[in-house]
Structures are given as structure tokens and as C-alpha cells.
Amino acid sequence: MDRYVCQICGYIYDPAAGDPDNGVAAGTKFEDVSDDWECPVCGASKEDFEKEA
């Protein structure tokens, strides 16, 4: 699964780990993360993430 990087702070969303502290279960593809999810580090919106190269 593709990882996505926050263009504001560099946080990497890894689908294998998810973001359980914010209600995103491990194994959740980035595309399936809720549109109102925010970066757990800086609060950036999902739109501020890009696929890791």
C-alpha cells in the first residue's frame, strides 16, 4: 500500500500502521481515510498529503 507524506510537516501516513489514536485502524488505505481526518502532528488537512515517491 502507498504511503502519503504531509507536505506541511513531513509526517508519513503508513497504511500498515494507520492512525489508531485518531480512529484510523491499521490496514486502512489513505483513500479510505475520512475526508475530515487531519495530520496528527500539525493538523493539516488530508488534501495537504501527497503520495510518497
# chains A, B, ... in the order shown; residues from 1 in each chain; ligands from 1

$ select_by_dssp --residues "chain A" --states "strand (DSSP E)" --output "list in words"
Tyr4, Val5, Cys6, Ile12, Tyr13, Phe49, Glu50 and Lys51 of chain A

$ write_last_selection --atoms "N, CA and C atoms" --output "tab-separated table (two decimals), in the first residue's frame"
chain	number	residue	atom	x	y	z
A	4	TYR	N	1.71	8.11	2.33
A	4	TYR	CA	1.47	9.50	1.97
A	4	TYR	C	2.17	10.42	2.95
A	5	VAL	N	2.74	11.52	2.42
A	5	VAL	CA	3.54	12.43	3.22
A	5	VAL	C	2.83	13.78	3.36
A	6	CYS	N	2.77	14.28	4.59
A	6	CYS	CA	2.23	15.62	4.84
A	6	CYS	C	3.21	16.64	4.28
A	12	ILE	N	4.49	10.94	7.86
A	12	ILE	CA	4.17	9.93	6.86
A	12	ILE	C	3.02	9.07	7.36
A	13	TYR	N	1.93	9.05	6.58
A	13	TYR	CA	0.83	8.15	6.88
A	13	TYR	C	1.16	6.80	6.27
A	49	PHE	N	-1.63	16.13	1.84
A	49	PHE	CA	-0.78	14.95	1.72
A	49	PHE	C	-0.59	14.58	0.26
A	50	GLU	N	0.62	14.07	-0.04
A	50	GLU	CA	0.91	13.58	-1.38
A	50	GLU	C	1.51	12.19	-1.28
A	51	LYS	N	1.29	11.39	-2.31
A	51	LYS	CA	1.84	10.04	-2.33
A	51	LYS	C	3.35	10.10	-2.25

$ atom_distance --atom1 "CA of Ala53 in chain A" --atom2 "CA of Asp21 in chain A"
25.8 Å

$ select_by_dssp --residues "chain A" --states "helix (DSSP H, G or I)" --output "PDB file with all heavy atoms, in the first residue's frame"
ATOM      1  N   PRO A  20      -4.328   4.855  14.836  1.00  0.00           N
ATOM      2  CA  PRO A  20      -5.315   4.393  15.813  1.00  0.00           C
ATOM      3  C   PRO A  20      -5.676   5.429  16.872  1.00  0.00           C
ATOM      4  O   PRO A  20      -6.798   5.423  17.372  1.00  0.00           O
ATOM      5  CB  PRO A  20      -4.663   3.152  16.437  1.00  0.00           C
ATOM      6  CG  PRO A  20      -3.228   3.216  16.077  1.00  0.00           C
ATOM      7  CD  PRO A  20      -3.133   4.023  14.815  1.00  0.00           C
ATOM      8  N   ASP A  21      -4.747   6.339  17.193  1.00  0.00           N
ATOM      9  CA  ASP A  21      -5.040   7.380  18.186  1.00  0.00           C
ATOM     10  C   ASP A  21      -6.127   8.328  17.694  1.00  0.00           C
ATOM     11  O   ASP A  21      -6.749   9.034  18.482  1.00  0.00           O
ATOM     12  CB  ASP A  21      -3.785   8.172  18.541  1.00  0.00           C
ATOM     13  CG  ASP A  21      -2.767   7.334  19.308  1.00  0.00           C
ATOM     14  OD1 ASP A  21      -3.148   6.280  19.869  1.00  0.00           O
ATOM     15  OD2 ASP A  21      -1.590   7.734  19.345  1.00  0.00           O
ATOM     16  N   ASN A  22      -6.337   8.360  16.380  1.00  0.00           N
ATOM     17  CA  ASN A  22      -7.341   9.248  15.791  1.00  0.00           C
ATOM     18  C   ASN A  22      -8.413   8.487  15.018  1.00  0.00           C
ATOM     19  O   ASN A  22      -9.035   9.020  14.096  1.00  0.00           O
ATOM     20  CB  ASN A  22      -6.646  10.286  14.900  1.00  0.00           C
ATOM     21  CG  ASN A  22      -5.796  11.228  15.721  1.00  0.00           C
ATOM     22  OD1 ASN A  22      -6.316  11.980  16.534  1.00  0.00           O
ATOM     23  ND2 ASN A  22      -4.490  11.170  15.548  1.00  0.00           N
ATOM     24  N   PHE A  30      -5.041   5.051   2.474  1.00  0.00           N
ATOM     25  CA  PHE A  30      -5.202   6.503   2.608  1.00  0.00           C
ATOM     26  C   PHE A  30      -6.486   6.972   1.950  1.00  0.00           C
ATOM     27  O   PHE A  30      -7.178   7.843   2.466  1.00  0.00           O
ATOM     28  CB  PHE A  30      -3.991   7.225   1.998  1.00  0.00           C
ATOM     29  CG  PHE A  30      -3.985   8.701   2.289  1.00  0.00           C
ATOM     30  CD1 PHE A  30      -3.645   9.180   3.534  1.00  0.00           C
ATOM     31  CD2 PHE A  30      -4.324   9.614   1.304  1.00  0.00           C
ATOM     32  CE1 PHE A  30      -3.642  10.545   3.808  1.00  0.00           C
ATOM     33  CE2 PHE A  30      -4.318  10.983   1.555  1.00  0.00           C
ATOM     34  CZ  PHE A  30      -3.969  11.438   2.817  1.00  0.00           C
ATOM     35  N   GLU A  31      -6.831   6.355   0.806  1.00  0.00           N
ATOM     36  CA  GLU A  31      -8.041   6.737   0.084  1.00  0.00           C
ATOM     37  C   GLU A  31      -9.300   6.505   0.916  1.00  0.00           C
ATOM     38  O   GLU A  31     -10.316   7.154   0.713  1.00  0.00           O
ATOM     39  CB  GLU A  31      -8.149   5.951  -1.225  1.00  0.00           C
ATOM     40  CG  GLU A  31      -7.052   6.252  -2.222  1.00  0.00           C
ATOM     41  CD  GLU A  31      -5.759   5.475  -1.974  1.00  0.00           C
ATOM     42  OE1 GLU A  31      -5.702   4.625  -1.062  1.00  0.00           O
ATOM     43  OE2 GLU A  31      -4.781   5.736  -2.682  1.00  0.00           O
ATOM     44  N   ASP A  32      -9.215   5.565   1.866  1.00  0.00           N
ATOM     45  CA  ASP A  32     -10.370   5.217   2.695  1.00  0.00           C
ATOM     46  C   ASP A  32     -10.425   5.982   4.011  1.00  0.00           C
ATOM     47  O   ASP A  32     -11.381   5.836   4.775  1.00  0.00           O
ATOM     48  CB  ASP A  32     -10.372   3.714   2.980  1.00  0.00           C
ATOM     49  CG  ASP A  32     -10.556   2.896   1.709  1.00  0.00           C
ATOM     50  OD1 ASP A  32     -11.158   3.418   0.740  1.00  0.00           O
ATOM     51  OD2 ASP A  32     -10.104   1.739   1.670  1.00  0.00           O
ATOM     52  N   LYS A  46      -6.285  16.444   4.967  1.00  0.00           N
ATOM     53  CA  LYS A  46      -5.935  15.312   4.108  1.00  0.00           C
ATOM     54  C   LYS A  46      -5.468  15.795   2.742  1.00  0.00           C
ATOM     55  O   LYS A  46      -4.621  15.159   2.107  1.00  0.00           O
ATOM     56  CB  LYS A  46      -7.147  14.382   3.995  1.00  0.00           C
ATOM     57  CG  LYS A  46      -6.895  13.104   3.254  1.00  0.00           C
ATOM     58  CD  LYS A  46      -8.118  12.211   3.255  1.00  0.00           C
ATOM     59  CE  LYS A  46      -7.921  11.017   2.347  1.00  0.00           C
ATOM     60  NZ  LYS A  46      -9.130  10.203   2.243  1.00  0.00           N
ATOM     61  N   GLU A  47      -5.974  16.931   2.291  1.00  0.00           N
ATOM     62  CA  GLU A  47      -5.597  17.488   0.988  1.00  0.00           C
ATOM     63  C   GLU A  47      -4.130  17.907   0.938  1.00  0.00           C
ATOM     64  O   GLU A  47      -3.571  18.089  -0.139  1.00  0.00           O
ATOM     65  CB  GLU A  47      -6.483  18.688   0.654  1.00  0.00           C
ATOM     66  CG  GLU A  47      -7.939  18.314   0.450  1.00  0.00           C
ATOM     67  CD  GLU A  47      -8.822  19.537   0.229  1.00  0.00           C
ATOM     68  OE1 GLU A  47      -8.323  20.671   0.319  1.00  0.00           O
ATOM     69  OE2 GLU A  47     -10.013  19.344  -0.020  1.00  0.00           O
ATOM     70  N   ASP A  48      -3.496  18.079   2.116  1.00  0.00           N
ATOM     71  CA  ASP A  48      -2.111  18.506   2.169  1.00  0.00           C
ATOM     72  C   ASP A  48      -1.130  17.337   2.105  1.00  0.00           C
ATOM     73  O   ASP A  48       0.072  17.513   2.305  1.00  0.00           O
ATOM     74  CB  ASP A  48      -1.850  19.313   3.449  1.00  0.00           C
ATOM     75  CG  ASP A  48      -2.549  20.657   3.421  1.00  0.00           C
ATOM     76  OD1 ASP A  48      -2.496  21.331   2.373  1.00  0.00           O
ATOM     77  OD2 ASP A  48      -3.175  21.043   4.434  1.00  0.00           O
TER      78      ASP A  48
END

$ residues_around --residues "Ser45 in chain A" --least-positions-apart "2" --cutoff "12 Å" --atoms "only C-alpha atoms" --output "PyMOL selection string"
chain A and resi 5-9+33-43+47-50

$ residues_around --residues "Thr28 in chain A" --least-positions-apart "5" --cutoff "9 Å" --atoms "only C-alpha atoms" --output "VMD selection string"
chain A and resid 14 to 19 33
